[in-house]
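Here is the structure we will look at, set down as structure tokens.
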Amino acid sequence: MSDFIIIGGGISGLLIARELASHGAAITILEQNRIGQEASWAGGGILSPLYPWRQPLPINALCHWSQQQYPLLSQQLQQNTNIDPEWTRCGMLWLSLPDLDDALSWCRNTSTNATIFSGEAVEEVQKGLGDGLSGTHLWLPDIAQIRNPRLLKALKRDLRQRQVKLIEQSQVTEWVITGNQATDVKTTQQTFSADNFIVTAGAWSSRVLSNDNLWQPVIHPVKGQMLLFKSEPGLLQTMVQCGEHYLIPRRDGRILAGSTVEESGFDKRPTTSGYRQLYQFAIRTLPALKDCPVELHWAGIRPGSPDGIPYIGAHPQINNVFFNCGHFRNGVVMGPAAARLLADIILQRPSFTNPEPFLPSNR
Ligand SMILES: Cc1cc2nc3c(=O)[nH]c(=O)nc-3n(C[C@H](O)[C@H](O)[C@H](O)COP(=O)(O)OP(=O)(O)OC[C@H]3O[C@@H](n4cnc5c(N)ncnc54)[C@H](O)[C@@H]3O)c2cc1C
């Protein structure tokens with residue numbers, strides 16, 4: 001018997017487990033495959049929305065809070081687990097930005113450091129960029145990234161040290177609900193009982209609670225493909241965004257090119273057309289990449305939700321079932337804030353932001 005059963009072992013589940021475990025709660029995480037192998041592993045780890053000034057306010061409220069917390073979280077995890085999640089403030093450069101005025105007024109309103117470059121003057125930040133350097137470019141030097149596979153590994157080890165039970169290969173298939181209380185979940189392994197349940201099942205979240213006549217979050221799967229180039233440190237100094245795509249430099253010199261946005265259900269096989277799209281973008285943006293081998297090509301399934309705003313809070317009909325899901329393209333950057341907000345709701349504490357836009361009962 002646990003105080004909380006958390007269904008889904010991605011970043012959303014691991015971070016809410018950490019929040020609640022730090023208040024002494026007994027936690028079990030049920031994961032249908034292996035912990036931290038789905039969207040949270042597949043993503044780029046950019047600790048900002050791709051175009052923050054185009055985002056709804058509630059998303060930016062969560063991102064802003066998380067951005068303040070990530071350096072400390074990364075440091076604590078490294079100390080506790082000896083795994084460095086590689087939080088790195090490398091900045092983000094937007095090439096030929098069409099909505100520069102909106103971006104600059106957002107930077108002013110949020111006191112975000114920004115530098116504007118015209119044409120090839122951008123070489124001051126990043127050398128060796130390819131064609132299409134005409135226009136105006138924006139650099140935000142304080143935007144950071146994290147190496148998400150390492151973050152997940154560190155969180156997993158940290159939770160074990162906090163006595164959180166991690167049960168893998170255990171898919172929740174059925175609920176036992178009496179009146180407005182859930183008592184048990186049945187899984188492919190066995191039945192588990194708890195006082196409270198939290199659904200953090202990413203793109204699968206609207207399938208988890210499939211009992212008839214019950215409210216469910218509106219979540220749909222959105223596939224994203226990524227390419228990983230093997231190169232040497234120094235080739236790329238900053239993250240670069242151009243149109244729908246981006247490049248991310250890792251500390252060991254590897255460079256990620258992302259990502260596609262595709263509606264193809266839960267099929268997460270990478271495709272030749274996805275490869276071509278990302279490869280062409282990468283060598284157009286940084287021509288030296290044509291001499292670097294592609295090491296890996298993969299896809300993940302994002303949890304799409306209306307306006308990309310996650311569901312955080314209690315089920316409207318079942319008192320002891322909560323949600324933290326539907327973070328779409330920003331689940332890593334919103335992760336710490338979303339977990340803190342849900343912990344505040346559960347523990348009935350005031351929070352750092354207004355919970356109303358996220359509450360399932362308001363959606
Ligand atoms: C290509 C790509 C690039 C991205 N880049 C970024 C980025 O740079 N920055 C950023 O902030 N975000 C990014 N994202 C988005 C981010 O990765 C997601 O929003 C986030 O990982 C969602 O986390 P999650 O824990 O909710 O879901 P997931 O990581 O998908 O975890 C959900 C877990 O629930 C489990 N599960 C599902 N159903 C059940 C069940 N019935 N029983 C038990 N377990 C179950 C799944 O197996 C899975 O492990 C990207 C995503 C992709 C795909």
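Chain labels run A, B, ... following the order of the structure tokens; each chain numbers its residues from 1, and ligands are numbered from 1 in the order shown.
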Do you know which residues are at most 7 Å from Ala201 (chain A) counting only C-alpha atoms, after dropping those on the same chain fewer than 6 positions away, and could you put them as an MDAnalysis selection string?
-> chainID A and resid 7:8 325
Find the spatial neighbours of Pro306 (chain A), counting only C-alpha atoms, within a cut-off of 12 Å - ignore same-chain residues fewer than 6 positions away - and output them as a PDB file with C-alpha atoms, in the first residue's frame.
ATOM      1  CA  PRO A  56       0.454  31.271 -23.940  1.00  0.00           C
ATOM      2  CA  ILE A  59       3.355  27.953 -20.338  1.00  0.00           C
ATOM      3  CA  PRO A 217      -7.735  14.620 -20.635  1.00  0.00           C
ATOM      4  CA  VAL A 218      -7.556  15.453 -24.355  1.00  0.00           C
ATOM      5  CA  ILE A 219      -4.083  14.235 -25.297  1.00  0.00           C
ATOM      6  CA  HIS A 220      -2.943  13.203 -28.754  1.00  0.00           C
ATOM      7  CA  CYS A 325       0.378  15.302 -18.375  1.00  0.00           C
ATOM      8  CA  GLY A 326       0.060  16.937 -21.813  1.00  0.00           C
ATOM      9  CA  HIS A 327       3.260  19.022 -21.819  1.00  0.00           C
ATOM     10  CA  PHE A 328       3.577  18.682 -25.621  1.00  0.00           C
ATOM     11  CA  ARG A 329       6.886  20.277 -26.791  1.00  0.00           C
ATOM     12  CA  PRO A 357      -5.385  27.420 -16.341  1.00  0.00           C
ATOM     13  CA  PHE A 358      -4.035  23.918 -15.687  1.00  0.00           C
ATOM     14  CA  PRO A 360      -8.658  19.498 -15.296  1.00  0.00           C
ATOM     15  CA  ARG A 363     -10.581  22.417 -19.295  1.00  0.00           C
TER      16      ARG A 363
END
Write out as a ChimeraX atom specification the residues lying within 10 Å of Asp102 (chain A), counting only C-alpha atoms and excluding same-chain residues fewer than 6 positions away.
-> /A:53-54,108
Residues up to 7 Å from ligand 1, counting only C-alpha atoms and all ligand atoms: could you list those as a compact mmCIF listing (two decimals) with all heavy atoms, in the first residue's frame?
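Output saved as part-v4.txt:
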# COMPACT_ATOMS: atom_id res chain seq x y z
N ILE A 7 1.61 6.74 -12.34
CA ILE A 7 1.52 5.88 -13.53
C ILE A 7 2.25 6.56 -14.67
O ILE A 7 1.77 7.54 -15.25
CB ILE A 7 0.03 5.62 -13.87
CG1 ILE A 7 -0.62 4.92 -12.67
CG2 ILE A 7 -0.09 4.78 -15.14
CD1 ILE A 7 -2.10 5.14 -12.59
N GLY A 8 3.45 6.05 -14.99
CA GLY A 8 4.28 6.60 -16.05
C GLY A 8 5.59 7.12 -15.50
O GLY A 8 5.61 8.01 -14.66
N GLY A 9 6.70 6.55 -15.99
CA GLY A 9 8.03 6.89 -15.48
C GLY A 9 8.84 7.75 -16.42
O GLY A 9 10.01 7.49 -16.67
N GLY A 10 8.21 8.81 -16.99
CA GLY A 10 8.96 9.84 -17.73
C GLY A 10 9.32 10.97 -16.78
O GLY A 10 9.18 10.85 -15.55
N ILE A 11 9.75 12.08 -17.35
CA ILE A 11 10.19 13.19 -16.48
C ILE A 11 9.07 13.70 -15.58
O ILE A 11 9.29 14.05 -14.43
CB ILE A 11 10.81 14.34 -17.32
CG1 ILE A 11 11.51 15.31 -16.39
CG2 ILE A 11 9.78 15.05 -18.18
CD1 ILE A 11 12.49 16.22 -17.08
N SER A 12 7.81 13.67 -16.10
CA SER A 12 6.69 14.20 -15.30
C SER A 12 6.47 13.32 -14.07
O SER A 12 6.20 13.84 -12.98
CB SER A 12 5.40 14.24 -16.13
OG SER A 12 5.63 14.92 -17.34
N GLY A 13 6.56 12.01 -14.24
CA GLY A 13 6.37 11.09 -13.12
C GLY A 13 7.53 11.14 -12.14
O GLY A 13 7.35 11.14 -10.91
N LEU A 30 4.71 3.08 -11.47
CA LEU A 30 4.45 1.95 -12.37
C LEU A 30 4.76 2.39 -13.78
O LEU A 30 4.23 3.40 -14.26
CB LEU A 30 2.98 1.52 -12.27
CG LEU A 30 2.50 1.10 -10.87
CD1 LEU A 30 1.00 0.80 -10.91
CD2 LEU A 30 3.28 -0.11 -10.37
N GLU A 31 5.61 1.65 -14.46
CA GLU A 31 6.02 2.02 -15.82
C GLU A 31 5.81 0.81 -16.74
O GLU A 31 6.25 -0.29 -16.42
CB GLU A 31 7.50 2.46 -15.81
CG GLU A 31 8.16 2.53 -17.18
CD GLU A 31 7.45 3.40 -18.21
OE1 GLU A 31 7.07 4.53 -17.89
OE2 GLU A 31 7.25 2.92 -19.34
N GLN A 32 5.16 1.05 -17.87
CA GLN A 32 4.81 -0.09 -18.73
C GLN A 32 6.03 -0.70 -19.44
O GLN A 32 6.03 -1.88 -19.76
CB GLN A 32 3.75 0.31 -19.76
CG GLN A 32 4.18 1.34 -20.76
CD GLN A 32 3.07 1.75 -21.72
OE1 GLN A 32 1.97 1.24 -21.65
NE2 GLN A 32 3.38 2.67 -22.63
N ASN A 33 7.05 0.13 -19.69
CA ASN A 33 8.27 -0.40 -20.31
C ASN A 33 9.43 -0.23 -19.33
O ASN A 33 9.44 -0.85 -18.29
CB ASN A 33 8.55 0.31 -21.63
CG ASN A 33 7.47 0.00 -22.64
OD1 ASN A 33 7.02 -1.14 -22.74
ND2 ASN A 33 7.00 0.99 -23.36
N ARG A 34 10.39 0.63 -19.73
CA ARG A 34 11.47 0.95 -18.79
C ARG A 34 11.41 2.42 -18.46
O ARG A 34 11.01 3.23 -19.30
CB ARG A 34 12.82 0.55 -19.40
CG ARG A 34 12.99 -0.98 -19.36
CD ARG A 34 14.27 -1.45 -19.98
NE ARG A 34 15.41 -0.71 -19.50
CZ ARG A 34 16.34 -0.19 -20.32
NH1 ARG A 34 16.26 -0.33 -21.62
NH2 ARG A 34 17.35 0.47 -19.81
N ILE A 35 11.82 2.76 -17.25
CA ILE A 35 11.77 4.16 -16.80
C ILE A 35 12.57 5.05 -17.76
O ILE A 35 13.70 4.71 -18.14
CB ILE A 35 12.40 4.28 -15.38
CG1 ILE A 35 11.63 3.44 -14.35
CG2 ILE A 35 12.59 5.73 -14.96
CD1 ILE A 35 10.39 4.03 -13.82
N GLY A 36 11.97 6.19 -18.13
CA GLY A 36 12.71 7.22 -18.88
C GLY A 36 13.18 6.82 -20.25
O GLY A 36 14.32 7.12 -20.62
N GLN A 37 12.34 6.14 -21.01
CA GLN A 37 12.76 5.72 -22.35
C GLN A 37 11.85 6.28 -23.45
O GLN A 37 12.06 5.99 -24.61
CB GLN A 37 12.75 4.19 -22.45
CG GLN A 37 13.76 3.51 -21.56
CD GLN A 37 15.18 3.82 -21.98
OE1 GLN A 37 15.55 3.65 -23.13
NE2 GLN A 37 15.99 4.29 -21.05
N GLU A 38 10.84 7.07 -23.08
CA GLU A 38 9.91 7.56 -24.12
C GLU A 38 10.22 9.02 -24.45
O GLU A 38 11.38 9.35 -24.62
CB GLU A 38 8.46 7.34 -23.67
CG GLU A 38 8.09 5.85 -23.57
CD GLU A 38 8.02 5.12 -24.91
OE1 GLU A 38 8.08 5.77 -25.97
OE2 GLU A 38 7.94 3.89 -24.91
N ALA A 39 9.20 9.89 -24.53
CA ALA A 39 9.42 11.27 -24.99
C ALA A 39 10.53 11.97 -24.20
O ALA A 39 11.35 12.70 -24.78
CB ALA A 39 8.13 12.07 -24.87
N SER A 40 10.58 11.72 -22.91
CA SER A 40 11.55 12.44 -22.08
C SER A 40 12.99 12.09 -22.47
O SER A 40 13.89 12.91 -22.33
CB SER A 40 11.33 12.11 -20.60
OG SER A 40 10.01 12.41 -20.23
N TRP A 41 13.19 10.88 -22.94
CA TRP A 41 14.51 10.47 -23.43
C TRP A 41 14.76 11.03 -24.83
O TRP A 41 15.86 11.46 -25.17
CB TRP A 41 14.60 8.93 -23.46
CG TRP A 41 15.92 8.44 -23.97
CD1 TRP A 41 17.02 8.16 -23.23
CD2 TRP A 41 16.28 8.21 -25.34
NE1 TRP A 41 18.05 7.76 -24.05
CE2 TRP A 41 17.62 7.80 -25.35
CE3 TRP A 41 15.60 8.32 -26.55
CZ2 TRP A 41 18.30 7.49 -26.53
CZ3 TRP A 41 16.28 8.03 -27.73
CH2 TRP A 41 17.61 7.61 -27.71
N ALA A 42 13.71 11.03 -25.66
CA ALA A 42 13.87 11.33 -27.09
C ALA A 42 14.10 12.81 -27.37
O ALA A 42 14.59 13.17 -28.44
CB ALA A 42 12.62 10.87 -27.85
N GLY A 43 13.75 13.68 -26.43
CA GLY A 43 13.75 15.11 -26.71
C GLY A 43 15.14 15.72 -26.75
O GLY A 43 16.15 15.05 -26.57
N GLY A 44 15.16 17.06 -27.00
CA GLY A 44 16.42 17.77 -27.16
C GLY A 44 16.99 18.31 -25.86
O GLY A 44 18.17 18.60 -25.78
N GLY A 45 16.13 18.53 -24.86
CA GLY A 45 16.60 19.08 -23.60
C GLY A 45 16.82 20.59 -23.63
O GLY A 45 17.54 21.13 -22.78
N ILE A 46 16.19 21.27 -24.59
CA ILE A 46 16.29 22.74 -24.61
C ILE A 46 15.45 23.26 -23.45
O ILE A 46 14.28 22.90 -23.32
CB ILE A 46 15.75 23.32 -25.94
CG1 ILE A 46 16.51 22.74 -27.13
CG2 ILE A 46 15.82 24.84 -25.93
CD1 ILE A 46 15.90 23.10 -28.48
N LEU A 47 16.03 24.11 -22.62
CA LEU A 47 15.30 24.59 -21.44
C LEU A 47 14.64 25.93 -21.75
O LEU A 47 14.82 26.93 -21.05
CB LEU A 47 16.24 24.66 -20.24
CG LEU A 47 16.78 23.28 -19.82
CD1 LEU A 47 17.68 23.37 -18.61
CD2 LEU A 47 15.64 22.28 -19.57
N SER A 48 13.88 25.91 -22.82
CA SER A 48 13.07 27.07 -23.23
C SER A 48 12.10 26.58 -24.28
O SER A 48 12.42 25.66 -25.04
CB SER A 48 13.97 28.15 -23.85
OG SER A 48 13.20 29.11 -24.54
N PRO A 49 10.91 27.22 -24.36
CA PRO A 49 10.10 26.94 -25.55
C PRO A 49 10.87 27.41 -26.79
O PRO A 49 11.75 28.28 -26.68
CB PRO A 49 8.86 27.83 -25.33
CG PRO A 49 8.85 28.14 -23.89
CD PRO A 49 10.28 28.15 -23.44
N SER A 170 5.29 -2.90 -16.18
CA SER A 170 4.04 -3.06 -15.46
C SER A 170 3.03 -2.03 -15.98
O SER A 170 3.01 -0.88 -15.53
CB SER A 170 4.33 -2.86 -13.96
OG SER A 170 3.23 -3.20 -13.20
N GLN A 171 2.23 -2.46 -16.92
CA GLN A 171 1.30 -1.53 -17.58
C GLN A 171 -0.04 -1.50 -16.82
O GLN A 171 -0.62 -2.56 -16.56
CB GLN A 171 1.05 -2.00 -19.01
CG GLN A 171 0.12 -1.08 -19.77
CD GLN A 171 -0.16 -1.58 -21.17
OE1 GLN A 171 -0.20 -2.80 -21.40
NE2 GLN A 171 -0.34 -0.67 -22.09
N VAL A 172 -0.50 -0.31 -16.49
CA VAL A 172 -1.81 -0.18 -15.85
C VAL A 172 -2.88 -0.43 -16.92
O VAL A 172 -2.91 0.22 -17.96
CB VAL A 172 -1.97 1.22 -15.22
CG1 VAL A 172 -3.41 1.44 -14.76
CG2 VAL A 172 -1.02 1.36 -14.04
N THR A 173 -3.76 -1.40 -16.64
CA THR A 173 -4.76 -1.79 -17.64
C THR A 173 -6.18 -1.54 -17.16
O THR A 173 -7.10 -1.47 -17.95
CB THR A 173 -4.62 -3.29 -17.99
OG1 THR A 173 -4.62 -4.02 -16.76
CG2 THR A 173 -3.34 -3.58 -18.75
N THR A 200 0.79 10.24 -15.08
CA THR A 200 1.88 10.97 -15.76
C THR A 200 2.32 10.12 -16.95
O THR A 200 3.50 9.85 -17.13
CB THR A 200 3.08 11.19 -14.80
OG1 THR A 200 3.48 9.89 -14.30
CG2 THR A 200 2.74 12.08 -13.65
N ALA A 201 1.34 9.70 -17.75
CA ALA A 201 1.62 8.71 -18.79
C ALA A 201 1.86 9.35 -20.16
O ALA A 201 1.71 8.69 -21.19
CB ALA A 201 0.47 7.71 -18.85
N GLY A 202 2.27 10.62 -20.18
CA GLY A 202 2.65 11.27 -21.42
C GLY A 202 1.57 11.15 -22.48
O GLY A 202 0.38 11.36 -22.21
N ALA A 203 1.98 10.78 -23.69
CA ALA A 203 1.05 10.71 -24.83
C ALA A 203 -0.05 9.67 -24.62
O ALA A 203 -1.07 9.69 -25.29
CB ALA A 203 1.84 10.37 -26.09
N TRP A 204 0.16 8.76 -23.65
CA TRP A 204 -0.80 7.67 -23.41
C TRP A 204 -1.81 8.05 -22.33
O TRP A 204 -2.64 7.23 -21.95
CB TRP A 204 -0.05 6.39 -23.01
CG TRP A 204 0.85 5.87 -24.08
CD1 TRP A 204 0.55 4.90 -24.99
CD2 TRP A 204 2.20 6.29 -24.35
NE1 TRP A 204 1.62 4.70 -25.83
CE2 TRP A 204 2.65 5.54 -25.46
CE3 TRP A 204 3.06 7.23 -23.79
CZ2 TRP A 204 3.92 5.70 -26.01
CZ3 TRP A 204 4.33 7.40 -24.34
CH2 TRP A 204 4.74 6.64 -25.43
N SER A 205 -1.74 9.27 -21.83
CA SER A 205 -2.50 9.63 -20.62
C SER A 205 -4.02 9.53 -20.78
O SER A 205 -4.72 9.27 -19.81
CB SER A 205 -2.12 11.03 -20.15
OG SER A 205 -0.78 11.04 -19.75
N VAL A 208 -5.13 5.81 -20.23
CA VAL A 208 -4.88 5.10 -18.96
C VAL A 208 -6.16 4.91 -18.17
O VAL A 208 -6.42 3.85 -17.62
CB VAL A 208 -3.83 5.88 -18.12
CG1 VAL A 208 -3.77 5.34 -16.71
CG2 VAL A 208 -2.47 5.77 -18.77
N LYS A 223 4.47 12.82 -33.19
CA LYS A 223 5.81 12.22 -33.34
C LYS A 223 6.87 13.28 -33.62
O LYS A 223 6.61 14.25 -34.34
CB LYS A 223 5.74 11.25 -34.50
CG LYS A 223 7.02 10.58 -34.91
CD LYS A 223 6.62 9.44 -35.84
CE LYS A 223 7.72 8.92 -36.68
NZ LYS A 223 7.24 7.77 -37.49
N GLY A 224 8.06 13.08 -33.08
CA GLY A 224 9.19 13.97 -33.36
C GLY A 224 10.43 13.15 -33.61
O GLY A 224 10.76 12.28 -32.81
N GLN A 225 11.12 13.41 -34.73
CA GLN A 225 12.36 12.67 -35.04
C GLN A 225 13.58 13.56 -34.77
O GLN A 225 13.51 14.78 -34.86
CB GLN A 225 12.36 12.25 -36.51
CG GLN A 225 11.19 11.36 -36.87
CD GLN A 225 11.32 10.75 -38.26
OE1 GLN A 225 12.39 10.29 -38.64
NE2 GLN A 225 10.21 10.73 -39.00
N MET A 226 14.69 12.90 -34.45
CA MET A 226 15.95 13.59 -34.14
C MET A 226 17.11 12.88 -34.83
O MET A 226 17.06 11.65 -35.02
CB MET A 226 16.24 13.54 -32.63
CG MET A 226 15.19 14.13 -31.73
SD MET A 226 15.20 15.91 -31.69
CE MET A 226 16.49 16.24 -30.55
N GLY A 258 17.11 18.65 -34.67
CA GLY A 258 15.71 18.29 -34.45
C GLY A 258 14.81 19.34 -35.06
O GLY A 258 15.28 20.38 -35.48
N SER A 259 13.62 19.13 -35.04
CA SER A 259 12.92 17.88 -34.94
C SER A 259 11.77 17.94 -35.92
O SER A 259 11.45 19.02 -36.42
CB SER A 259 12.40 17.66 -33.50
OG SER A 259 11.49 18.69 -33.16
N THR A 260 11.16 16.81 -36.19
CA THR A 260 9.96 16.83 -37.04
C THR A 260 8.73 16.92 -36.14
O THR A 260 8.81 16.64 -34.95
CB THR A 260 9.86 15.56 -37.90
OG1 THR A 260 9.71 14.44 -37.01
CG2 THR A 260 11.10 15.36 -38.77
N ALA A 299 12.98 8.53 -32.94
CA ALA A 299 11.75 9.32 -32.81
C ALA A 299 11.14 9.10 -31.44
O ALA A 299 11.37 8.07 -30.80
CB ALA A 299 10.75 8.92 -33.89
N GLY A 300 10.38 10.08 -30.99
CA GLY A 300 9.63 9.97 -29.73
C GLY A 300 8.23 10.51 -29.96
O GLY A 300 7.96 11.15 -30.96
N ILE A 301 7.35 10.23 -28.99
CA ILE A 301 5.95 10.63 -29.12
C ILE A 301 5.64 11.70 -28.07
O ILE A 301 5.64 11.42 -26.86
CB ILE A 301 5.00 9.43 -28.92
CG1 ILE A 301 5.38 8.25 -29.83
CG2 ILE A 301 3.56 9.85 -29.15
CD1 ILE A 301 5.13 8.46 -31.29
N ARG A 302 5.38 12.92 -28.54
CA ARG A 302 5.06 14.02 -27.62
C ARG A 302 3.61 13.93 -27.17
O ARG A 302 2.74 13.58 -27.96
CB ARG A 302 5.25 15.38 -28.29
CG ARG A 302 6.60 15.62 -28.92
CD ARG A 302 6.58 17.01 -29.56
NE ARG A 302 7.81 17.30 -30.29
CZ ARG A 302 7.98 17.08 -31.59
NH1 ARG A 302 7.01 16.55 -32.31
NH2 ARG A 302 9.12 17.40 -32.17
N PRO A 303 3.35 14.33 -25.92
CA PRO A 303 1.95 14.37 -25.47
C PRO A 303 1.28 15.69 -25.85
O PRO A 303 1.38 16.68 -25.13
CB PRO A 303 2.09 14.23 -23.94
CG PRO A 303 3.48 14.68 -23.62
CD PRO A 303 4.32 14.62 -24.84
N CYS A 325 0.16 15.86 -17.03
CA CYS A 325 0.38 15.30 -18.38
C CYS A 325 -0.01 16.33 -19.45
O CYS A 325 -0.67 17.32 -19.16
CB CYS A 325 -0.44 14.03 -18.55
SG CYS A 325 -2.20 14.27 -18.35
N GLY A 326 0.43 16.07 -20.69
CA GLY A 326 0.06 16.94 -21.81
C GLY A 326 1.00 18.12 -21.99
O GLY A 326 0.58 19.21 -22.37
N HIS A 327 2.29 17.91 -21.76
CA HIS A 327 3.26 19.02 -21.82
C HIS A 327 3.76 19.28 -23.24
O HIS A 327 4.62 20.12 -23.46
CB HIS A 327 4.45 18.72 -20.90
CG HIS A 327 4.07 18.43 -19.49
ND1 HIS A 327 3.51 17.24 -19.11
CD2 HIS A 327 4.15 19.18 -18.37
CE1 HIS A 327 3.26 17.26 -17.81
NE2 HIS A 327 3.63 18.43 -17.34
N PHE A 328 3.29 18.54 -24.19
CA PHE A 328 3.58 18.68 -25.62
C PHE A 328 5.07 18.91 -25.89
O PHE A 328 5.86 18.04 -25.62
CB PHE A 328 2.71 19.80 -26.23
CG PHE A 328 2.76 19.85 -27.73
CD1 PHE A 328 2.87 18.69 -28.48
CD2 PHE A 328 2.69 21.06 -28.41
CE1 PHE A 328 2.93 18.73 -29.88
CE2 PHE A 328 2.74 21.11 -29.80
CZ PHE A 328 2.87 19.95 -30.52
N ARG A 329 5.49 20.08 -26.37
CA ARG A 329 6.89 20.28 -26.79
C ARG A 329 7.77 20.80 -25.66
O ARG A 329 8.96 21.08 -25.89
CB ARG A 329 6.95 21.27 -27.96
CG ARG A 329 6.16 20.82 -29.17
CD ARG A 329 6.48 21.62 -30.40
NE ARG A 329 7.74 21.21 -30.99
CZ ARG A 329 8.19 21.62 -32.17
NH1 ARG A 329 7.47 22.48 -32.87
NH2 ARG A 329 9.34 21.20 -32.64
N ASN A 330 7.19 20.99 -24.46
CA ASN A 330 7.95 21.70 -23.41
C ASN A 330 8.00 20.95 -22.09
O ASN A 330 8.11 21.56 -21.04
CB ASN A 330 7.32 23.09 -23.21
CG ASN A 330 7.45 23.94 -24.45
OD1 ASN A 330 8.55 24.10 -24.98
ND2 ASN A 330 6.33 24.44 -24.94
N GLY A 331 7.92 19.62 -22.17
CA GLY A 331 7.83 18.86 -20.92
C GLY A 331 9.10 18.84 -20.10
O GLY A 331 9.04 18.68 -18.88
N VAL A 332 10.25 19.01 -20.75
CA VAL A 332 11.49 19.01 -19.97
C VAL A 332 11.64 20.37 -19.29
O VAL A 332 11.85 20.45 -18.08
CB VAL A 332 12.70 18.67 -20.86
CG1 VAL A 332 13.98 18.73 -20.06
CG2 VAL A 332 12.52 17.29 -21.48
N VAL A 333 11.46 21.43 -20.06
CA VAL A 333 11.62 22.75 -19.43
C VAL A 333 10.51 23.01 -18.40
O VAL A 333 10.76 23.60 -17.36
CB VAL A 333 11.73 23.89 -20.48
CG1 VAL A 333 10.61 23.90 -21.47
CG2 VAL A 333 11.80 25.25 -19.79
N MET A 334 9.29 22.55 -18.64
CA MET A 334 8.23 22.81 -17.65
C MET A 334 8.28 21.83 -16.47
O MET A 334 7.59 22.02 -15.48
CB MET A 334 6.85 22.69 -18.32
CG MET A 334 6.53 23.83 -19.26
SD MET A 334 4.77 23.93 -19.65
CE MET A 334 4.56 22.64 -20.85
So which residues touch region 66-78 of chain A within 8 Å, counting only C-alpha atoms, skipping near sequence neighbours fewer than 3 positions away, as a PyMOL selection string?
-> chain A and resi 47-48+62-63+81-87+151+154-155+158+333-337
Nearest to Cys90 (chain A): which of A:Ser134, A:Thr188, A:Gln237, A:Thr178 is it, counting only C-alpha atoms?
->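 Looking only at the distances to Cys90 (chain A), the closest residue turns out to be A:Gln237.
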Fewer than 5 positions away in the same chain doesn't count, so skip those; otherwise give me all residues within 10 Å of Thr285 (chain A), counting only C-alpha atoms, as a PyMOL selection string.
-> chain A and resi 95+128-133+240-242+245-247+279-280
Tell me which protein, DNA and RNA residues are within 12 Å of region 288-290 of chain A, counting only C-alpha atoms, leaving out same-chain ones fewer than 5 positions away, and put them as a ChimeraX atom specification.
-> /A:127-130,227-232,234-236,247,249,253-257,278-283
CA of Asn196 (chain A) sits from CA of Ala182 (chain A) at a separation of 7.6 Å
Contacts of Glu356 (chain A) at 12 Å (only C-alpha atoms; same-chain gap of 6+ positions) as number ranges by chain = A: 58, 309-314, 341-342, 345, 362-363
Those in region 49-209 of chain A with strand (DSSP E) from DSSP, as a PyMOL selection string | chain A and resi 92-94+115-118+136-140+165-167+172-178+181-187+191-199
CA of Pro293 (chain A) to CA of Lys268 (chain A): how many Å, to one decimal?
->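 These atoms are spaced 22.7 Å apart.
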